[in-house]
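What follows is a set of notes on a single structure, which appears directly below.
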Amino acid sequence: MIAYGVFSSTDDHSPRVAARIGLNIIDLARLCELGVLDKINLAYFTSNSLNDFIRQGYSFRQIVKQAVEQVVDTVTNDPHSELMAAVFALNQVKLYMPVKIGGYTDFYASKQHATNIGKIFRPDNPLMPNWVHMPIAYNGRASSVVVSGHPVKRPHGQILVDGSPQFDCCKKLDFEVELGVVIGKDSVLGEPINIDNAAEHIFGVCVVNDWSARDIQAWEYQPLGPFNSKSFLTSISAFIVPLEELSAYKVEAQPQDPQPLPYLQDKNAHSYDIRLEVRLATAKCHEGIVIGRSNFQDIYWTMSQWIAHHTVTGCNLKVGDLLASGTISGNERGNLGSLMELTINGKESIELPNGEQRTFLENGDSIIIDAYCGHEIIGEVSGTVVK
Ligand code: MN
């Protein structure tokens, strides 16, 4: 499986576009310089984002992929090949934000998650009536989307304490396990994307952690939804996996009842079998503990439905835009994608192997989310909380 990102090597500090295969990084700009991709515009690869590369589309990617696979074959058979100059070990490079994100939208596409959260606030009526009729979303903040590894500075904000608002640091810092779609083709302002063509607008997927301040969220979210509680930081994996790389993991989508309105009826409704595993580690317990395992295939609303709904008014999407799934949760306690659900808003705690207890994240805690297709890792996103 091939994925794309932006890296720099220790001997050359300029960021450039790379392909990742397994634990190897292939420097695509260097391949151009070595004459392997000689008919290709070097500027696509000397850029500090994937956007121009993404814009070239599917057939261009296939040319690049073939070249990269040949290079991997060559250097495997001949470690003295001059092409080795373009090959780096993943653990020896610096990774950067892979895309310039113009817009970030966060959906709420997992029925289990929406139900679990709803139950905490409205036990008798957990799912809002609109939820089964459209993929609910809010416009997130693109400027604070960062690459995996970026520290998570604990936010301050307004928190309701004993009925009155106080300005304080967040005491209920949480994560959200999500999968993100990176848009690969611009749409035209004023023209909705038909659901049948929606997949053509996807470049690929990344792993997302939508960090959340639950105490700030509880006070601010009505009537317009989350604002400061979400905008302080969102982390994504350093590599984006093109959608075509996931075709072997296509599965049927979840059944939908009631049938949605025609513009949301997806004739080829499918999802992907992508397993997500979230680990909590602390300053005193480095090995940490797996606190959740969920699967993208349990998501109710499909990626194509997100895109059709997002653009139905004529709102346009642009190359590099990020559309995230919302927290991916299953039905069991072992399949939850946020601490809010795992600890029932702080009522129950999680115990680490060294006896430490957690309800929400403390300074020094790390959250690591790994996503897998079969045995192949498709992405990792991590972050450590700092004061
Ligand atoms: Mn979210």
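Here's how to read the names in the structure tokens: chain A, B, ... by the order shown, residue numbers from 1 in each chain, ligand numbers from 1 in the order shown.
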Open item on the list: Need to verify the contact set: A:Glu200, 10 Å, only C-alpha atoms, exclusion of same-chain residues closer than 6 positions in sequence. Can you return it as a list in words?
Closed with: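 The contact residues come out as Gly57, Tyr58, Ile183, Gly184, Lys185, Ile193, Leu243 and Ser304 of chain A.
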TODO: Show which residues sit within 12 Å of A:Pro129, as a ChimeraX atom specification. Count only C-alpha atoms, and ignore same-chain residues fewer than 2 positions away.
DONE: /A:114-115,118,125-127,131-134,136,258
Emit the selected residues as a PDB file, in the first residue's frame, including N, CA, C and O atoms.
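Once everything was written out, this is result-v6.pdb:
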```pdb
ATOM      1  N   ALA A 114     -23.408   9.026  18.193  1.00  0.00           N
ATOM      2  CA  ALA A 114     -24.464  10.031  18.404  1.00  0.00           C
ATOM      3  C   ALA A 114     -25.440   9.555  19.482  1.00  0.00           C
ATOM      4  O   ALA A 114     -25.907  10.344  20.305  1.00  0.00           O
ATOM      5  N   THR A 115     -25.715   8.236  19.495  1.00  0.00           N
ATOM      6  CA  THR A 115     -26.631   7.693  20.496  1.00  0.00           C
ATOM      7  C   THR A 115     -25.985   7.710  21.885  1.00  0.00           C
ATOM      8  O   THR A 115     -26.621   8.111  22.867  1.00  0.00           O
ATOM      9  N   GLY A 118     -25.894  11.278  23.062  1.00  0.00           N
ATOM     10  CA  GLY A 118     -27.270  11.710  23.322  1.00  0.00           C
ATOM     11  C   GLY A 118     -27.801  11.160  24.637  1.00  0.00           C
ATOM     12  O   GLY A 118     -28.479  11.858  25.392  1.00  0.00           O
ATOM     13  N   ASN A 125     -34.401  10.229  24.863  1.00  0.00           N
ATOM     14  CA  ASN A 125     -34.519  10.586  23.448  1.00  0.00           C
ATOM     15  C   ASN A 125     -33.120  10.901  22.901  1.00  0.00           C
ATOM     16  O   ASN A 125     -32.828  12.028  22.529  1.00  0.00           O
ATOM     17  N   PRO A 126     -32.239   9.876  22.881  1.00  0.00           N
ATOM     18  CA  PRO A 126     -30.831  10.171  22.608  1.00  0.00           C
ATOM     19  C   PRO A 126     -30.545  10.733  21.210  1.00  0.00           C
ATOM     20  O   PRO A 126     -29.719  11.624  21.083  1.00  0.00           O
ATOM     21  N   LEU A 127     -31.241  10.229  20.198  1.00  0.00           N
ATOM     22  CA  LEU A 127     -30.933  10.655  18.833  1.00  0.00           C
ATOM     23  C   LEU A 127     -31.883  11.773  18.420  1.00  0.00           C
ATOM     24  O   LEU A 127     -33.086  11.622  18.487  1.00  0.00           O
ATOM     25  N   TRP A 131     -31.262  13.388  12.796  1.00  0.00           N
ATOM     26  CA  TRP A 131     -30.028  12.625  12.617  1.00  0.00           C
ATOM     27  C   TRP A 131     -30.138  11.528  11.543  1.00  0.00           C
ATOM     28  O   TRP A 131     -29.202  11.314  10.766  1.00  0.00           O
ATOM     29  N   VAL A 132     -31.288  10.843  11.488  1.00  0.00           N
ATOM     30  CA  VAL A 132     -31.428   9.740  10.517  1.00  0.00           C
ATOM     31  C   VAL A 132     -31.779  10.239   9.110  1.00  0.00           C
ATOM     32  O   VAL A 132     -31.891   9.446   8.177  1.00  0.00           O
ATOM     33  N   HIS A 133     -31.947  11.546   8.956  1.00  0.00           N
ATOM     34  CA  HIS A 133     -32.317  12.087   7.642  1.00  0.00           C
ATOM     35  C   HIS A 133     -31.174  12.791   6.914  1.00  0.00           C
ATOM     36  O   HIS A 133     -31.280  13.067   5.726  1.00  0.00           O
ATOM     37  N   MET A 134     -30.110  13.113   7.619  1.00  0.00           N
ATOM     38  CA  MET A 134     -28.974  13.785   6.959  1.00  0.00           C
ATOM     39  C   MET A 134     -27.708  13.572   7.772  1.00  0.00           C
ATOM     40  O   MET A 134     -27.776  13.413   8.999  1.00  0.00           O
ATOM     41  N   ILE A 136     -25.235  14.899   9.803  1.00  0.00           N
ATOM     42  CA  ILE A 136     -25.064  16.144  10.576  1.00  0.00           C
ATOM     43  C   ILE A 136     -23.575  16.504  10.620  1.00  0.00           C
ATOM     44  O   ILE A 136     -22.723  15.625  10.764  1.00  0.00           O
ATOM     45  N   PRO A 258     -34.884   5.369   8.270  1.00  0.00           N
ATOM     46  CA  PRO A 258     -35.619   5.390   7.009  1.00  0.00           C
ATOM     47  C   PRO A 258     -34.704   5.647   5.812  1.00  0.00           C
ATOM     48  O   PRO A 258     -33.579   6.091   5.984  1.00  0.00           O
TER      49      PRO A 258
END
```
Open item on the list: as a PyMOL selection string, please: the residues near stretch 201-209 of chain A (cut-off 7 Å, only C-alpha atoms, same-chain neighbours under 3 positions excluded).
Closed with: chain A and resi 54+175-185+198+234-237+239-243+371+379-381
TODO: List all protein, DNA and RNA residues that have at least one atom no more than 6 Å from any atom of ligand 1, counting only C-alpha atoms and all ligand atoms, and write them as a list in words.
DONE: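 Answer in the requested format: Asp106, Glu176, Asp210, Gly326 and Thr327 of chain A.
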Print the selection's residues with N, CA, C and O atoms to a file, as a PDB file, in the first residue's frame.
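New file part_18.pdb:
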```
ATOM      1  N   ASP A 106     -16.423  18.681  10.117  1.00  0.00           N
ATOM      2  CA  ASP A 106     -16.484  17.478  10.937  1.00  0.00           C
ATOM      3  C   ASP A 106     -17.916  16.965  10.987  1.00  0.00           C
ATOM      4  O   ASP A 106     -18.832  17.695  11.375  1.00  0.00           O
ATOM      5  N   GLU A 176     -11.072  12.400  20.010  1.00  0.00           N
ATOM      6  CA  GLU A 176     -12.110  11.746  19.215  1.00  0.00           C
ATOM      7  C   GLU A 176     -11.427  10.962  18.102  1.00  0.00           C
ATOM      8  O   GLU A 176     -10.666  11.528  17.315  1.00  0.00           O
ATOM      9  N   ASP A 210      -9.732  14.542  16.731  1.00  0.00           N
ATOM     10  CA  ASP A 210     -10.408  15.832  16.909  1.00  0.00           C
ATOM     11  C   ASP A 210     -10.456  16.126  18.420  1.00  0.00           C
ATOM     12  O   ASP A 210     -11.428  15.816  19.100  1.00  0.00           O
ATOM     13  N   GLY A 326     -16.353  12.292  12.208  1.00  0.00           N
ATOM     14  CA  GLY A 326     -16.918  12.324  13.559  1.00  0.00           C
ATOM     15  C   GLY A 326     -16.452  11.075  14.286  1.00  0.00           C
ATOM     16  O   GLY A 326     -15.945  10.123  13.655  1.00  0.00           O
ATOM     17  N   THR A 327     -16.606  11.083  15.589  1.00  0.00           N
ATOM     18  CA  THR A 327     -16.115   9.976  16.415  1.00  0.00           C
ATOM     19  C   THR A 327     -16.685   8.642  15.957  1.00  0.00           C
ATOM     20  O   THR A 327     -17.893   8.523  15.713  1.00  0.00           O
TER      21      THR A 327
END
```
- [ ] Can you pull out every residue within 9 Å of A:Glu341, counting only C-alpha atoms, but drop anything in the same chain fewer than 4 positions away, and send it as number ranges by chain?
- [x] A: 113, 116-117, 120, 329, 333, 336-337, 345-346
TODO: Find the residue from A:Lys100, A:Lys111, A:His80, A:His13 that sits nearest to A:Phe53; use only C-alpha atoms when measuring.
DONE: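 Of A:Lys100, A:Lys111, A:His80, A:His13, the one nearest A:Phe53, counting only C-alpha atoms, is A:Lys100.
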- [ ] Tell me, as an MDAnalysis selection string, which residues lie within 6 Å of stretch 277-289 of chain A, counting only C-alpha atoms; anything in the same chain fewer than 2 positions away does not count.
- [x] chainID A and resid 291:293 364:370
Task: Those in stretch 51-280 of chain A with alpha helix (DSSP H) from DSSP, as a count of residues only - done: 48
- [ ] Determine the nearest neighbour of A:Ser294 from the options A:Thr384, A:Ser187, A:Ser229, A:Gln112, counting only C-alpha atoms.
- [x]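 Of all the options, A:Gln112 lies closest to A:Ser294.
Counting only C-alpha atoms and comparing A:Asp298, A:Asp168, A:Glu220, A:Glu351, the residue that lies closest to A:Glu252 is A:Asp298.
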Task: Nearest to A:Lys94, chosen from A:Trp301, A:Trp219, A:Phe7, A:Phe360, with only C-alpha atoms counted in the distances - done: A:Phe7
Open item on the list: I need the residue nearest A:Tyr96 from this list: A:Gly140, A:Pro353, A:Gly334, A:Gly149. Use only C-alpha atoms for the distance.
Closed with: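 Counting only C-alpha atoms, the residue closest to A:Tyr96 is A:Gly149.
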Task: Test item: residues at most 10 Å from A:Arg30, only C-alpha atoms, excluding those fewer than 5 positions along its chain, as a ChimeraX atom specification - done: /A:16-18,35-37,42,45-46,83,85-87
Could you please take those selected residues and save N, CA and C atoms as a PDB file, in the first residue's frame?
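Once everything was written out, this is out00.pdb:
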```pdb
ATOM      1  N   ARG A  16       9.755  18.238   1.036  1.00  0.00           N
ATOM      2  CA  ARG A  16       9.364  17.797  -0.305  1.00  0.00           C
ATOM      3  C   ARG A  16       8.404  16.620  -0.212  1.00  0.00           C
ATOM      4  N   VAL A  17       7.812  16.293  -1.349  1.00  0.00           N
ATOM      5  CA  VAL A  17       6.762  15.265  -1.374  1.00  0.00           C
ATOM      6  C   VAL A  17       7.387  13.873  -1.390  1.00  0.00           C
ATOM      7  N   ALA A  18       6.793  12.970  -0.615  1.00  0.00           N
ATOM      8  CA  ALA A  18       7.315  11.608  -0.507  1.00  0.00           C
ATOM      9  C   ALA A  18       6.206  10.586  -0.630  1.00  0.00           C
ATOM     10  N   GLY A  35      16.228  11.196 -12.739  1.00  0.00           N
ATOM     11  CA  GLY A  35      15.760  10.832 -14.078  1.00  0.00           C
ATOM     12  C   GLY A  35      14.704   9.744 -14.100  1.00  0.00           C
ATOM     13  N   VAL A  36      14.255   9.275 -12.923  1.00  0.00           N
ATOM     14  CA  VAL A  36      13.248   8.204 -12.906  1.00  0.00           C
ATOM     15  C   VAL A  36      11.869   8.747 -13.292  1.00  0.00           C
ATOM     16  N   LEU A  37      11.556   9.938 -12.803  1.00  0.00           N
ATOM     17  CA  LEU A  37      10.278  10.564 -13.153  1.00  0.00           C
ATOM     18  C   LEU A  37      10.569  11.797 -14.006  1.00  0.00           C
ATOM     19  N   LEU A  42       8.978  18.795 -11.809  1.00  0.00           N
ATOM     20  CA  LEU A  42       9.623  18.685 -10.496  1.00  0.00           C
ATOM     21  C   LEU A  42       8.897  19.500  -9.429  1.00  0.00           C
ATOM     22  N   PHE A  45       6.713  18.114  -6.712  1.00  0.00           N
ATOM     23  CA  PHE A  45       7.327  17.356  -5.614  1.00  0.00           C
ATOM     24  C   PHE A  45       8.248  18.188  -4.725  1.00  0.00           C
ATOM     25  N   THR A  46       8.665  19.364  -5.192  1.00  0.00           N
ATOM     26  CA  THR A  46       9.494  20.205  -4.323  1.00  0.00           C
ATOM     27  C   THR A  46       8.609  21.107  -3.464  1.00  0.00           C
ATOM     28  N   LEU A  83      19.838   4.794  -6.897  1.00  0.00           N
ATOM     29  CA  LEU A  83      18.481   5.175  -6.474  1.00  0.00           C
ATOM     30  C   LEU A  83      18.322   5.181  -4.955  1.00  0.00           C
ATOM     31  N   ALA A  85      19.742   6.907  -3.081  1.00  0.00           N
ATOM     32  CA  ALA A  85      19.792   8.325  -2.665  1.00  0.00           C
ATOM     33  C   ALA A  85      18.384   8.894  -2.447  1.00  0.00           C
ATOM     34  N   ALA A  86      17.367   8.190  -2.967  1.00  0.00           N
ATOM     35  CA  ALA A  86      15.991   8.678  -2.808  1.00  0.00           C
ATOM     36  C   ALA A  86      15.220   7.907  -1.731  1.00  0.00           C
ATOM     37  N   VAL A  87      15.894   6.971  -1.067  1.00  0.00           N
ATOM     38  CA  VAL A  87      15.195   6.103  -0.102  1.00  0.00           C
ATOM     39  C   VAL A  87      15.646   6.435   1.315  1.00  0.00           C
TER      40      VAL A  87
END
```
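Compared by their closest atoms to A:Val93, and using only C-alpha atoms, the residues A:Ser59, A:Ser47, A:Gln70, A:Ser9 rank with A:Ser9 nearest.
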Task: Long-range neighbours of A:Asp215 as a list of chain:residue names, 8 Å cut-off, only C-alpha atoms, 4 positions minimum in chain - done: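 Here the qualifying residues turn out to be A:Ile159, A:Leu160, A:Cys170, A:Lys171, A:Lys172, A:Trp219, A:Ser229.
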Go ahead and save the residues from that selection, with C-alpha atoms, as a PDB file, in the first residue's frame.
```pdb
ATOM      1  CA  ILE A 159     -16.629  26.844  31.799  1.00  0.00           C
ATOM      2  CA  LEU A 160     -19.855  26.775  33.781  1.00  0.00           C
ATOM      3  CA  CYS A 170     -10.106  22.846  30.437  1.00  0.00           C
ATOM      4  CA  LYS A 171     -10.565  20.058  33.006  1.00  0.00           C
ATOM      5  CA  LYS A 172     -12.301  17.657  30.613  1.00  0.00           C
ATOM      6  CA  TRP A 219     -21.502  25.589  28.109  1.00  0.00           C
ATOM      7  CA  SER A 229     -14.216  23.474  22.455  1.00  0.00           C
TER       8      SER A 229
END
```
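Relative to atom CA of A:Val312, atom CA of A:Asp266 is found at 14.1 Å.
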- [ ] Write out as a PyMOL selection string all residues of stretch 102-270 of chain A that backbone DSSP assigns to strand (DSSP E or B).
- [x] chain A and resi 104-107+137-139+145-147+152-153+156-161+164-169+173-174+177-183+202-209+212-213+234-236+240-242+250-252+270
Task: d(atom CA of A:Ala19, atom CA of A:Gln66) in Å - done: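 Distance between the two atoms: 11.5 Å.
Relative to atom CA of A:Thr302, atom CA of A:Asp257 is found at 13.8 Å.
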